[in-house]
>>> print(open('query36.txt').read())   # compact mmCIF, C-alpha atoms
# COMPACT_ATOMS: atom_id res chain seq x y z
CA MET X 6 29.88 13.33 6.23
CA GLU X 7 32.01 16.45 5.84
CA HIS X 8 29.01 18.73 5.25
CA LEU X 9 27.26 17.61 8.48
CA PRO X 10 28.57 20.53 10.62
CA ALA X 11 27.18 23.00 8.05
CA LEU X 12 23.85 21.16 8.02
CA SER X 13 23.79 21.19 11.82
CA GLN X 14 24.33 24.94 11.84
CA GLN X 15 21.58 25.47 9.28
CA ARG X 16 19.25 23.31 11.34
CA ALA X 17 20.06 25.30 14.49
CA GLU X 18 19.32 28.57 12.70
CA LEU X 19 16.05 27.19 11.40
CA GLU X 20 15.13 26.14 14.95
CA LYS X 21 15.60 29.75 16.11
CA VAL X 22 13.30 31.02 13.37
CA TRP X 23 10.79 28.28 14.15
CA SER X 24 10.79 29.25 17.83
CA ARG X 25 9.92 32.84 16.98
CA TRP X 26 6.97 31.59 14.94
CA ALA X 27 5.70 28.58 16.85
CA VAL X 28 6.51 29.70 20.39
CA GLY X 29 6.39 33.44 19.83
CA GLY X 30 3.02 33.27 18.16
CA GLY X 31 3.61 34.30 14.58
CA ARG X 32 5.71 36.17 12.05
CA PRO X 33 8.75 38.01 13.49
CA SER X 34 8.83 41.79 13.16
CA ALA X 35 11.34 41.52 10.32
CA PRO X 36 10.60 38.53 8.08
CA PRO X 37 13.55 36.31 7.23
CA PRO X 38 15.06 36.79 3.78
CA VAL X 39 13.62 34.50 1.12
CA LEU X 40 16.35 33.00 -1.01
CA HIS X 41 14.46 30.08 -2.54
CA SER X 42 11.32 30.04 -4.64
CA GLU X 43 11.18 26.27 -5.18
CA ALA X 44 11.05 23.36 -2.74
CA THR X 45 14.65 22.20 -3.02
CA PRO X 46 17.08 20.98 -0.36
CA ILE X 47 18.87 23.74 1.53
CA PRO X 48 22.29 24.39 -0.10
CA ARG X 49 25.33 24.06 2.15
CA SER X 50 26.68 27.47 1.19
CA GLU X 51 23.62 29.48 2.26
CA SER X 52 22.25 30.42 5.64
CA ALA X 53 19.22 28.63 6.98
CA VAL X 54 16.21 30.72 5.89
CA LEU X 55 12.53 30.18 5.38
CA ARG X 56 11.30 29.75 1.84
CA SER X 57 8.20 31.64 0.75
CA GLU X 58 6.00 28.52 0.48
CA VAL X 59 7.07 27.49 4.00
CA VAL X 60 6.14 30.91 5.38
CA GLU X 61 2.74 30.74 3.71
CA SER X 62 2.18 27.16 4.87
CA TRP X 63 3.07 28.03 8.47
CA GLU X 64 0.60 30.92 8.41
CA ARG X 65 -2.17 28.62 7.18
CA SER X 66 -1.23 25.74 9.47
CA LEU X 67 -1.07 27.74 12.71
CA ARG X 68 -4.83 28.25 12.48
CA THR X 69 -5.53 24.54 13.04
CA VAL X 70 -2.33 22.77 14.12
CA ASP X 71 -0.54 22.85 17.48
CA PRO X 72 3.24 22.82 16.80
CA ALA X 73 3.59 20.61 19.88
CA ARG X 74 1.44 17.89 18.33
CA ALA X 75 3.14 14.49 18.76
CA VAL X 76 1.53 12.29 16.09
CA ALA X 77 -0.67 12.58 13.02
CA PRO X 78 -4.35 11.74 13.56
CA SER X 79 -5.65 8.44 12.17
CA THR X 80 -8.53 7.59 9.90
CA ASP X 81 -10.94 4.77 10.69
CA ARG X 82 -9.32 1.35 10.10
CA ASP X 83 -12.25 -0.02 8.11
CA ASP X 84 -12.40 3.17 6.05
CA LEU X 85 -8.69 2.84 5.30
CA GLY X 86 -9.15 -0.62 3.81
CA SER X 87 -11.91 0.54 1.47
CA ARG X 88 -9.94 3.64 0.48
CA TRP X 89 -6.95 1.60 -0.62
CA ALA X 90 -9.11 -1.04 -2.30
CA GLU X 91 -10.93 1.59 -4.35
CA SER X 92 -7.94 3.84 -5.04
CA PRO X 93 -6.80 3.98 -8.68
CA LEU X 94 -3.25 4.09 -7.28
CA ARG X 95 -3.43 0.62 -5.72
CA THR X 96 -2.68 -1.39 -8.87
CA PRO X 97 0.27 0.67 -10.23
CA VAL X 98 1.81 1.13 -6.78
CA THR X 99 1.44 -2.57 -6.00
CA GLU X 100 3.05 -3.49 -9.33
CA LEU X 101 6.00 -1.18 -8.60
CA ALA X 102 6.20 -1.93 -4.88
CA GLY X 103 9.29 -4.13 -5.25
CA GLU X 104 11.22 -1.36 -7.00
CA ILE X 105 10.00 1.33 -4.58
CA ARG X 106 10.94 -0.83 -1.59
CA ALA X 107 14.41 -1.59 -2.95
CA ILE X 108 15.14 2.11 -3.51
CA ALA X 109 13.87 3.09 -0.06
CA GLU X 110 15.72 0.31 1.74
CA ASP X 111 19.01 0.96 -0.08
CA ALA X 112 18.80 4.67 0.78
CA GLY X 113 17.73 4.14 4.41
CA MET X 114 14.34 5.79 3.80
CA ILE X 115 10.63 5.15 4.03
CA ALA X 116 8.36 5.43 0.99
CA VAL X 117 4.76 6.53 1.48
CA VAL X 118 1.80 6.91 -0.87
CA THR X 119 -1.19 9.04 0.17
CA ASP X 120 -4.57 9.69 -1.38
CA GLU X 121 -5.76 13.09 -2.60
CA VAL X 122 -6.53 14.29 0.94
CA GLY X 123 -3.22 13.23 2.49
CA THR X 124 -4.23 9.94 4.13
CA VAL X 125 -1.42 7.39 3.97
CA LEU X 126 -2.52 4.30 2.04
CA PHE X 127 0.77 2.45 1.56
CA SER X 128 4.27 2.46 3.06
CA CYS X 129 7.46 0.42 2.77
CA GLY X 130 11.20 0.84 3.21
CA ASP X 131 13.98 0.56 5.75
CA ARG X 132 12.68 -1.27 8.81
CA SER X 133 14.31 0.94 11.46
CA VAL X 134 13.19 4.13 9.69
CA ARG X 135 9.68 2.74 9.39
CA ARG X 136 9.57 2.09 13.13
CA GLN X 137 10.58 5.69 13.82
CA ALA X 138 8.03 6.93 11.28
CA GLU X 139 5.31 4.96 13.02
CA THR X 140 5.94 6.94 16.23
CA VAL X 141 4.55 10.02 14.44
CA ASN X 142 1.99 7.94 12.50
CA LEU X 143 3.68 8.29 9.13
CA ALA X 144 2.04 4.95 8.39
CA PRO X 145 -1.14 3.65 6.72
CA GLY X 146 -4.09 5.52 8.15
CA GLY X 147 -2.17 8.65 9.17
CA CYS X 148 -3.67 11.98 8.03
CA TRP X 149 -0.97 14.31 6.68
CA ASP X 150 -2.80 17.13 4.95
CA GLU X 151 -1.92 20.64 6.11
CA PRO X 152 -4.96 21.20 8.40
CA TYR X 153 -4.03 18.02 10.33
CA MET X 154 -0.23 17.97 10.51
CA GLY X 155 0.90 21.37 9.30
CA THR X 156 3.79 22.00 6.95
CA SER X 157 5.31 18.88 5.37
CA GLY X 158 6.30 17.72 1.93
CA VAL X 159 2.97 15.92 1.55
CA ALA X 160 1.03 19.03 2.55
CA LEU X 161 2.99 21.33 0.20
CA SER X 162 2.61 18.96 -2.77
CA LEU X 163 -1.11 18.62 -2.14
CA HIS X 164 -1.50 22.39 -1.85
CA SER X 165 0.70 23.46 -4.75
CA GLY X 166 0.42 20.46 -7.05
CA ARG X 167 4.22 20.51 -7.48
CA PRO X 168 7.17 18.46 -6.19
CA SER X 169 8.22 19.68 -2.74
CA SER X 170 10.68 19.00 0.02
CA VAL X 171 10.60 20.06 3.66
CA TRP X 172 13.73 19.82 5.80
CA ALA X 173 14.18 19.71 9.58
CA ALA X 174 12.60 22.73 11.33
CA GLU X 175 10.80 23.79 8.18
CA HIS X 176 8.18 21.35 9.49
CA LEU X 177 5.72 23.23 11.66
CA VAL X 178 5.28 20.31 14.08
CA GLN X 179 8.34 19.99 16.30
CA ALA X 180 8.14 16.19 16.39
CA LEU X 181 9.11 16.24 12.68
CA HIS X 182 12.24 18.38 13.04
CA GLY X 183 14.45 15.31 12.81
CA TRP X 184 13.10 14.45 9.34
CA VAL X 185 13.38 15.47 5.71
CA CYS X 186 10.69 14.55 3.17
CA TYR X 187 10.68 14.66 -0.62
CA CYS X 188 7.30 14.50 -2.33
CA ALA X 189 5.62 14.76 -5.72
CA PRO X 190 1.94 14.60 -6.71
CA ILE X 191 0.57 11.66 -8.70
CA ARG X 192 -1.93 12.60 -11.39
CA ALA X 193 -4.54 10.76 -13.44
CA ALA X 194 -4.52 10.98 -17.22
CA ASP X 195 -7.02 13.86 -17.04
CA GLY X 196 -4.76 15.84 -14.69
CA ARG X 197 -6.63 15.16 -11.46
CA GLN X 198 -4.36 14.86 -8.42
CA LEU X 199 -4.84 11.38 -6.95
CA GLY X 200 -2.26 11.47 -4.18
CA VAL X 201 1.38 11.99 -3.32
CA LEU X 202 4.51 9.85 -3.28
CA ASP X 203 6.84 10.69 -0.39
CA LEU X 204 10.38 9.54 0.39
CA SER X 205 11.34 10.48 3.96
CA THR X 206 14.42 9.98 6.09
CA TYR X 207 16.41 11.65 8.88
CA TRP X 208 17.45 15.28 8.37
CA ASP X 209 21.20 14.51 8.12
CA ARG X 210 20.66 12.14 5.17
CA SER X 211 19.22 14.81 2.87
CA HIS X 212 20.44 14.91 -0.71
CA PRO X 213 19.23 16.89 -3.75
CA MET X 214 19.05 13.77 -5.94
CA ILE X 215 16.28 12.27 -3.80
CA LEU X 216 13.67 14.60 -5.27
CA THR X 217 14.79 13.51 -8.74
CA THR X 218 14.25 9.89 -7.67
CA VAL X 219 10.75 10.72 -6.42
CA ARG X 220 9.88 12.36 -9.72
CA ALA X 221 11.13 9.31 -11.64
CA LEU X 222 9.06 6.94 -9.48
CA VAL X 223 5.97 9.12 -9.93
CA THR X 224 6.51 9.04 -13.70
CA ALA X 225 6.63 5.23 -13.57
CA ILE X 226 3.45 5.07 -11.44
CA GLU X 227 1.62 7.49 -13.73
CA SER X 228 2.68 5.55 -16.83
CA ARG X 229 1.16 2.35 -15.46
CA LEU X 230 -1.87 4.23 -14.16
CA HIS X 231 -2.61 5.89 -17.50
CA THR X 232 -2.12 2.61 -19.36
CA ALA X 233 -4.49 0.83 -16.97
CA GLN X 234 -7.09 3.59 -17.33
CA SER X 235 -7.10 3.03 -21.09
CA ARG X 236 -7.67 -0.73 -20.76
CA PRO X 237 -11.16 -2.26 -20.88
CA VAL X 238 -12.72 -2.76 -17.46
CA ALA X 239 -13.30 -6.38 -16.44
CA ARG X 240 -16.94 -7.34 -16.89
CA THR X 241 -16.56 -10.53 -14.85
CA ARG X 242 -15.43 -10.90 -11.24
CA LEU X 243 -14.61 -14.20 -9.59
CA GLU X 244 -14.45 -14.48 -5.81
CA CYS X 245 -12.88 -17.73 -4.68
CA LEU X 246 -11.42 -16.91 -1.24
CA GLY X 247 -13.90 -18.30 1.25
CA VAL X 248 -17.34 -18.57 -0.35
CA PRO X 249 -16.98 -18.81 -4.16
CA ARG X 250 -19.10 -16.49 -6.31
CA LEU X 251 -19.08 -15.30 -9.91
CA TYR X 252 -20.43 -11.91 -10.98
CA LYS X 253 -21.09 -10.59 -14.48
CA GLN X 254 -21.62 -6.86 -14.73
CA GLY X 255 -22.45 -6.76 -11.03
CA HIS X 256 -24.96 -9.63 -11.03
CA GLN X 257 -24.21 -13.00 -9.43
CA ILE X 258 -24.58 -15.98 -11.76
CA ALA X 259 -24.80 -19.67 -10.94
CA MET X 260 -21.84 -21.84 -11.93
CA ARG X 261 -20.95 -25.47 -11.34
CA PRO X 262 -18.05 -26.03 -8.91
CA ARG X 263 -15.90 -27.59 -11.65
CA GLN X 264 -16.35 -24.55 -13.87
CA LEU X 265 -15.40 -22.20 -11.02
CA GLU X 266 -12.27 -24.29 -10.40
CA ILE X 267 -11.18 -24.10 -14.03
CA LEU X 268 -11.89 -20.37 -14.18
CA ALA X 269 -9.87 -19.80 -10.99
CA LEU X 270 -6.89 -21.71 -12.38
CA LEU X 271 -7.02 -19.69 -15.61
CA ALA X 272 -7.17 -16.44 -13.60
CA LEU X 273 -4.11 -17.36 -11.52
CA GLU X 274 -2.07 -18.45 -14.53
CA PRO X 275 -2.65 -15.80 -17.24
CA GLU X 276 -0.17 -17.47 -19.62
CA GLY X 277 -2.65 -20.33 -19.84
CA PHE X 278 -2.48 -24.13 -20.00
CA THR X 279 -1.95 -26.73 -22.64
CA PRO X 280 -4.91 -29.15 -22.72
CA GLU X 281 -2.74 -31.85 -21.16
CA ARG X 282 -1.52 -29.68 -18.29
CA LEU X 283 -4.99 -28.34 -17.49
CA HIS X 284 -6.35 -31.92 -17.55
CA ALA X 285 -3.74 -32.91 -14.95
CA ALA X 286 -4.45 -29.84 -12.82
CA VAL X 287 -8.20 -30.51 -12.81
CA TYR X 288 -8.46 -34.32 -12.75
CA GLY X 289 -5.08 -35.48 -11.46
CA ASP X 290 -4.54 -39.22 -11.83
CA ARG X 291 -8.23 -39.95 -12.32
CA SER X 292 -9.13 -41.75 -15.52
CA VAL X 293 -11.10 -38.97 -17.20
CA SER X 294 -11.48 -38.65 -20.94
CA PRO X 295 -10.04 -35.52 -22.65
CA SER X 296 -13.51 -34.96 -24.06
CA THR X 297 -14.76 -34.32 -20.52
CA LEU X 298 -12.39 -31.39 -20.16
CA LYS X 299 -13.44 -30.08 -23.58
CA ALA X 300 -17.07 -30.24 -22.49
CA ASP X 301 -16.30 -28.38 -19.24
CA ILE X 302 -14.39 -25.70 -21.18
CA SER X 303 -17.21 -25.40 -23.71
CA ARG X 304 -19.79 -24.81 -20.97
CA LEU X 305 -17.47 -22.33 -19.26
CA ARG X 306 -16.84 -20.51 -22.54
CA ARG X 307 -20.58 -20.03 -23.02
CA ALA X 308 -20.99 -18.80 -19.46
CA THR X 309 -18.21 -16.22 -19.90
CA ASP X 310 -19.26 -15.03 -23.37
CA GLY X 311 -16.32 -16.67 -25.10
CA GLN X 312 -13.53 -15.33 -22.84
CA ILE X 313 -11.41 -18.53 -23.16
CA ALA X 314 -9.08 -19.23 -26.08
CA ASP X 315 -9.37 -22.50 -28.02
CA ARG X 316 -6.01 -24.22 -28.53
CA ARG X 317 -4.18 -22.97 -25.46
CA TYR X 318 -6.66 -22.56 -22.65
CA MET X 319 -6.30 -18.98 -21.40
CA LEU X 320 -8.44 -15.93 -20.67
CA THR X 321 -8.85 -13.51 -23.57
CA GLU X 322 -10.49 -10.68 -21.60
CA PRO X 323 -9.80 -9.11 -18.19
CA LEU X 324 -11.13 -11.08 -15.23
CA ALA X 325 -11.14 -9.55 -11.77
CA CYS X 326 -10.37 -12.16 -9.11
CA ASP X 327 -9.72 -11.86 -5.38
CA ALA X 328 -7.14 -14.68 -5.48
CA THR X 329 -5.04 -12.86 -8.08
CA GLU X 330 -5.33 -9.66 -6.04
CA LEU X 331 -4.06 -11.54 -2.98
CA LEU X 332 -1.17 -13.01 -4.95
CA ALA X 333 -0.21 -9.61 -6.39
CA ALA X 334 -0.28 -8.01 -2.94
CA LEU X 335 1.91 -10.77 -1.47
CA GLU X 336 4.42 -10.50 -4.32
CA ALA X 337 4.57 -6.73 -3.80
CA GLY X 338 4.92 -6.99 -0.01
CA ASP X 339 1.63 -5.10 0.47
CA LEU X 340 0.47 -7.00 3.53
CA THR X 341 -2.28 -4.51 4.39
CA THR X 342 -4.06 -5.29 1.12
CA ALA X 343 -3.32 -9.02 1.41
CA VAL X 344 -4.98 -9.47 4.81
CA ARG X 345 -7.92 -7.30 3.73
CA VAL X 346 -8.54 -9.33 0.55
CA TYR X 347 -8.21 -12.71 2.33
CA ARG X 348 -11.72 -13.86 3.29
CA GLY X 349 -10.79 -17.49 3.73
CA PRO X 350 -8.97 -20.37 2.00
CA PHE X 351 -8.91 -20.62 -1.78
CA LEU X 352 -11.99 -22.68 -2.86
CA PRO X 353 -11.95 -24.49 0.51
CA ASP X 354 -14.29 -27.35 -0.49
CA SER X 355 -12.32 -28.35 -3.58
CA ASP X 356 -9.98 -31.36 -3.74
CA THR X 357 -8.93 -30.65 -7.33
CA PRO X 358 -5.11 -31.07 -7.50
CA GLY X 359 -4.37 -27.67 -9.06
CA ILE X 360 -6.67 -25.90 -6.60
CA VAL X 361 -5.16 -27.70 -3.59
CA GLN X 362 -1.67 -26.69 -4.72
CA TRP X 363 -2.63 -23.03 -5.13
CA ARG X 364 -4.54 -23.05 -1.82
CA GLU X 365 -1.46 -24.23 0.08
CA HIS X 366 0.75 -21.75 -1.76
CA LEU X 367 -1.44 -18.75 -0.93
CA ASP X 368 -2.02 -19.76 2.70
CA VAL X 369 1.67 -20.44 3.40
CA CYS X 370 2.73 -17.15 1.76
CA LEU X 371 0.22 -15.06 3.69
CA ARG X 372 0.74 -16.78 7.03
CA THR X 373 4.54 -16.57 6.78
CA ALA X 374 4.39 -12.88 5.89
CA VAL X 375 2.08 -12.08 8.83
CA LEU X 376 4.24 -14.01 11.32
CA ALA X 377 7.31 -12.06 10.12
CA ASP X 378 5.52 -8.69 10.33
CA ARG X 379 5.47 -6.36 13.33
CA ASN X 380 2.03 -4.85 12.74
CA PRO X 381 -0.51 -6.38 15.17
CA GLU X 382 -3.39 -5.30 12.92
CA HIS X 383 -2.28 -7.82 10.30
CA ALA X 384 -2.19 -10.66 12.84
CA LEU X 385 -5.61 -9.69 14.20
CA ARG X 386 -7.14 -9.60 10.72
CA LEU X 387 -5.73 -12.97 9.75
CA GLY X 388 -6.72 -14.40 13.12
CA GLN X 389 -10.32 -13.43 12.40
CA ARG X 390 -10.24 -15.58 9.25
CA CYS X 391 -8.21 -18.41 10.81
CA PRO X 392 -9.81 -19.04 14.23
CA ASP X 393 -7.92 -22.32 14.78
CA ASP X 394 -4.44 -20.89 14.13
CA ILE X 395 -2.86 -20.82 17.58
CA GLU X 396 0.44 -19.36 16.40
CA ILE X 397 -1.25 -16.37 14.73
CA HIS X 398 -3.18 -15.53 17.92
CA GLU X 399 -0.01 -15.86 20.01
CA HIS X 400 1.80 -13.57 17.55
CA ALA X 401 -0.94 -10.94 17.85
CA LEU X 402 -0.68 -11.03 21.65
CA ARG X 403 3.10 -10.57 21.52
CA LEU X 404 2.74 -7.50 19.31
CA LEU X 405 -0.11 -5.75 21.13
CA ALA X 406 0.90 -3.30 23.86
CA PRO X 407 -0.18 -4.16 27.43
CA GLY X 408 -2.81 -1.41 27.48
CA ASP X 409 -4.29 -2.20 24.08
CA SER X 410 -7.93 -3.25 24.44
CA ARG X 411 -7.57 -5.57 21.43
CA ARG X 412 -5.49 -7.92 23.58
CA ALA X 413 -8.77 -9.23 25.02
CA LEU X 414 -9.92 -10.22 21.55
CA ALA X 415 -6.63 -11.96 20.72
CA ALA X 416 -6.63 -13.73 24.09
CA ALA X 417 -10.20 -14.96 23.62
CA ARG X 418 -9.37 -16.30 20.15
CA LEU X 419 -6.30 -18.07 21.50
CA HIS X 420 -8.33 -19.60 24.35
CA THR X 421 -10.94 -20.91 21.89
CA ALA X 422 -8.29 -22.31 19.54
CA LEU X 423 -6.50 -24.11 22.39
CA ARG X 424 -9.75 -25.74 23.53
CA ALA X 425 -10.71 -26.86 20.01
>>> encode(input="query36.txt", output="structure tokens")
Amino acid sequence: MEHLPALSQQRAELEKVWSRWAVGGGRPSAPPPVLHSEATPIPRSESAVLRSEVVESWERSLRTVDPARAVAPSTDRDDLGSRWAESPLRTPVTELAGEIRAIAEDAGMIAVVTDEVGTVLFSCGDRSVRRQAETVNLAPGGCWDEPYMGTSGVALSLHSGRPSSVWAAEHLVQALHGWVCYCAPIRAADGRQLGVLDLSTYWDRSHPMILTTVRALVTAIESRLHTAQSRPVARTRLECLGVPRLYKQGHQIAMRPRQLEILALLALEPEGFTPERLHAAVYGDRSVSPSTLKADISRLRRATDGQIADRRYMLTEPLACDATELLAALEAGDLTTAVRVYRGPFLPDSDTPGIVQWREHLDVCLRTAVLADRNPEHALRLGQRCPDDIEIHEHALRLLAPGDSRRALAAARLHTALRA
């Protein structure tokens, strides 16, 4: 990169200014000239200077943040799961996760989504960059608002409500001086700020087009978000991972096992079934009259207030279902959501052919993803739901550091599984 020497010089000059602030205790006697009013990458032709929003952010941050801080603080793990589950950003981000991941991996970056207070809810991207980001807790659960981690792209976007970038020693915390981050706020249809999308990488990979990419991704997320907010909310929720339950408007209702099986199949295949295909999925090779299926569908239609179409069996209204949420998370590579949603096998007591096929599909997908992942939390969570899975417990032990107290839990689970 022919501009790298110039970038290195700019970074060195920024480090000098940072030292006067962070080590010297505040603003220098003569403030540095302000040449930029917007959060844009530092041009090659200009000297390294502090932008006005960086100066103001440093002044605010120094009241609560030690520039020598090594990592961002973490939120409670259980609280993180509920935050992501309840976030309006979860569905649009999950739907676009494949595109976001491809962009981040191709560019050698990490993509991060936070909530409205700067807590990281989702991350993906280049594996080596993600590992480095995890050393400063730029990972799910990390708290990146200004009072916690000082000046960063996330903090500036949360504070100003505008796209921002922070490069090298513009970060107040010295541990972030090797990074550049490009961020933009994500807004609800009514203008409320719901969080921030951040693309981060090493300082020498900075490029002005990255902020344009962030803006485009935010536009795509907001488009899906606003469309989803205008859709009718599902009145019915089916839980079929572990103990099956059906809720209508928050109240549990009794359903026959066969009806739950049919409803689960319809939820997982929104394009629906022909009568012949659904008959095969439900009854297999058993000699069951087509009228039996029609009777089951008729009873199910009454129980769901007519939410099933006549000729091609399919749902006509939104149905919330934990199995479809698991499938969507797996397809998007959102393993944190997948292991949180998974409460057990899909309708575990059913031997219906279509259910058995989906059960094996979901279990193999989730288990394979966890065994390929480097986050011990995912292995521990799945191990809780799969006490007999020796390989999952062994994987958790391999990933946990020697001093991690959770090793005792993984070891105990492995011991129990081996004795079973």
>>> atom_distance(input="query36.txt", atom1="CA of Ile258 in chain X", atom2="CA of Leu332 in chain X")
24.6 Å
>>> closest_residue(input="query36.txt", among="X:Asp409, X:Leu12, X:Cys129, X:Lys253", to="Asp378 in chain X", atoms="all atoms listed in the file")
X:Cys129
>>> atom_distance(input="query36.txt", atom1="CA of Trp172 in chain X", atom2="CA of Val185 in chain X")
4.4 Å
>>> residues_around(input="query36.txt", residues="Leu387 in chain X", least_positions_apart="2", cutoff="9 Å", atoms="all atoms listed in the file", output="compact mmCIF listing (two decimals) with C-alpha atoms, in the frame of the given file")
# COMPACT_ATOMS: atom_id res chain seq x y z
CA VAL X 344 -4.98 -9.47 4.81
CA ARG X 345 -7.92 -7.30 3.73
CA TYR X 347 -8.21 -12.71 2.33
CA ARG X 348 -11.72 -13.86 3.29
CA LEU X 371 0.22 -15.06 3.69
CA ARG X 372 0.74 -16.78 7.03
CA VAL X 375 2.08 -12.08 8.83
CA GLU X 382 -3.39 -5.30 12.92
CA HIS X 383 -2.28 -7.82 10.30
CA ALA X 384 -2.19 -10.66 12.84
CA LEU X 385 -5.61 -9.69 14.20
CA GLN X 389 -10.32 -13.43 12.40
CA ARG X 390 -10.24 -15.58 9.25
CA CYS X 391 -8.21 -18.41 10.81
CA PRO X 392 -9.81 -19.04 14.23
CA ILE X 397 -1.25 -16.37 14.73
CA HIS X 398 -3.18 -15.53 17.92
>>> closest_residue(input="query36.txt", among="X:Leu352, X:Leu423, X:Leu204, X:Val60", to="Trp184 in chain X", atoms="all atoms listed in the file")
X:Leu204
>>> closest_residue(input="query36.txt", among="X:Ser157, X:Thr321, X:Thr373, X:Ser228", to="Gly277 in chain X", atoms="all atoms listed in the file")
X:Thr321
>>> residues_around(input="query36.txt", residues="Glu281 in chain X", least_positions_apart="2", cutoff="12 Å", atoms="all atoms listed in the file", output="list in words")
Gly277, Phe278, Thr279, Leu283, His284, Ala285, Ala286, Val287, Tyr288, Gly289, Val293, Ser294, Pro295, Ser296, Leu298, Lys299, Arg316, Arg317 and Tyr318 of chain X
>>> write_last_selection(input="query36.txt", atoms="C-alpha atoms", output="mmCIF file, keeping the file's coordinate frame")
data_model
loop_
_atom_site.group_PDB
_atom_site.id
_atom_site.type_symbol
_atom_site.label_atom_id
_atom_site.label_comp_id
_atom_site.auth_asym_id
_atom_site.auth_seq_id
_atom_site.Cartn_x
_atom_site.Cartn_y
_atom_site.Cartn_z
ATOM 1 C CA GLY X 277 -2.650 -20.330 -19.840
ATOM 2 C CA PHE X 278 -2.480 -24.130 -20.000
ATOM 3 C CA THR X 279 -1.950 -26.730 -22.640
ATOM 4 C CA LEU X 283 -4.990 -28.340 -17.490
ATOM 5 C CA HIS X 284 -6.350 -31.920 -17.550
ATOM 6 C CA ALA X 285 -3.740 -32.910 -14.950
ATOM 7 C CA ALA X 286 -4.450 -29.840 -12.820
ATOM 8 C CA VAL X 287 -8.200 -30.510 -12.810
ATOM 9 C CA TYR X 288 -8.460 -34.320 -12.750
ATOM 10 C CA GLY X 289 -5.080 -35.480 -11.460
ATOM 11 C CA VAL X 293 -11.100 -38.970 -17.200
ATOM 12 C CA SER X 294 -11.480 -38.650 -20.940
ATOM 13 C CA PRO X 295 -10.040 -35.520 -22.650
ATOM 14 C CA SER X 296 -13.510 -34.960 -24.060
ATOM 15 C CA LEU X 298 -12.390 -31.390 -20.160
ATOM 16 C CA LYS X 299 -13.440 -30.080 -23.580
ATOM 17 C CA ARG X 316 -6.010 -24.220 -28.530
ATOM 18 C CA ARG X 317 -4.180 -22.970 -25.460
ATOM 19 C CA TYR X 318 -6.660 -22.560 -22.650
#
>>> residues_around(input="query36.txt", residues="Gly130 in chain X", least_positions_apart="2", cutoff="12 Å", atoms="only C-alpha atoms", output="PyMOL selection string")
chain X and resi 102-118+127-128+132-138+144+203-206+338-339
>>> atom_distance(input="query36.txt", atom1="CA of Trp23 in chain X", atom2="CA of Thr119 in chain X")
26.6 Å
>>> residues_around(input="query36.txt", residues="Glu399 in chain X", least_positions_apart="6", cutoff="9 Å", atoms="all atoms listed in the file", output="PyMOL selection string")
chain X and resi 415-416+419
>>> closest_atom_pairs(input="query36.txt", of="range 122-220 of chain X", to="range 78-82 of chain X", cutoff="9 Å", atoms="only C-alpha atoms", output="Markdown table")
| residue | atom | partner | partner_atom | distance |
| --- | --- | --- | --- | --- |
| X:Thr124 | CA | X:Thr80 | CA | 7.6 |
| X:Asn142 | CA | X:Pro78 | CA | 7.5 |
| X:Pro145 | CA | X:Ser79 | CA | 8.5 |
| X:Gly146 | CA | X:Thr80 | CA | 5.2 |
| X:Gly147 | CA | X:Ser79 | CA | 4.6 |
| X:Cys148 | CA | X:Pro78 | CA | 5.6 |
| X:Trp149 | CA | X:Pro78 | CA | 8.1 |
| X:Tyr153 | CA | X:Pro78 | CA | 7.1 |
| X:Met154 | CA | X:Pro78 | CA | 8.1 |
>>> closest_residue(input="query36.txt", among="X:Ile267, X:Pro249, X:Pro381, X:Thr217", to="Pro350 in chain X", atoms="all atoms listed in the file")
X:Pro249
>>> residues_around(input="query36.txt", residues="range 161-168 of chain X", least_positions_apart="2", cutoff="10 Å", atoms="all atoms listed in the file", output="number ranges by chain")
X: 43-45, 58-59, 62, 119-123, 149-151, 155-159, 170-171, 187-192, 197-203, 216-217, 219-220
>>> decode(input="query36.txt", residues="range 102-109 of chain X", atoms="N, CA and C atoms", output="mmCIF file, in the first residue's frame")
data_model
loop_
_atom_site.group_PDB
_atom_site.id
_atom_site.type_symbol
_atom_site.label_atom_id
_atom_site.label_comp_id
_atom_site.auth_asym_id
_atom_site.auth_seq_id
_atom_site.Cartn_x
_atom_site.Cartn_y
_atom_site.Cartn_z
ATOM 1 N N ALA X 102 -27.930 -11.345 7.747
ATOM 2 C CA ALA X 102 -26.641 -11.759 8.306
ATOM 3 C C ALA X 102 -25.707 -12.339 7.255
ATOM 4 N N GLY X 103 -26.254 -13.111 6.303
ATOM 5 C CA GLY X 103 -25.407 -13.690 5.262
ATOM 6 C C GLY X 103 -24.715 -12.619 4.439
ATOM 7 N N GLU X 104 -25.452 -11.583 4.069
ATOM 8 C CA GLU X 104 -24.869 -10.493 3.284
ATOM 9 C C GLU X 104 -23.857 -9.697 4.107
ATOM 10 N N ILE X 105 -24.210 -9.417 5.360
ATOM 11 C CA ILE X 105 -23.294 -8.662 6.234
ATOM 12 C C ILE X 105 -22.002 -9.443 6.436
ATOM 13 N N ARG X 106 -22.132 -10.743 6.683
ATOM 14 C CA ARG X 106 -20.946 -11.582 6.905
ATOM 15 C C ARG X 106 -20.059 -11.623 5.663
ATOM 16 N N ALA X 107 -20.672 -11.771 4.489
ATOM 17 C CA ALA X 107 -19.890 -11.844 3.252
ATOM 18 C C ALA X 107 -19.099 -10.556 3.037
ATOM 19 N N ILE X 108 -19.722 -9.410 3.270
ATOM 20 C CA ILE X 108 -19.038 -8.127 3.103
ATOM 21 C C ILE X 108 -17.883 -8.009 4.090
ATOM 22 N N ALA X 109 -18.142 -8.356 5.352
ATOM 23 C CA ALA X 109 -17.104 -8.235 6.377
ATOM 24 C C ALA X 109 -15.940 -9.190 6.115
#
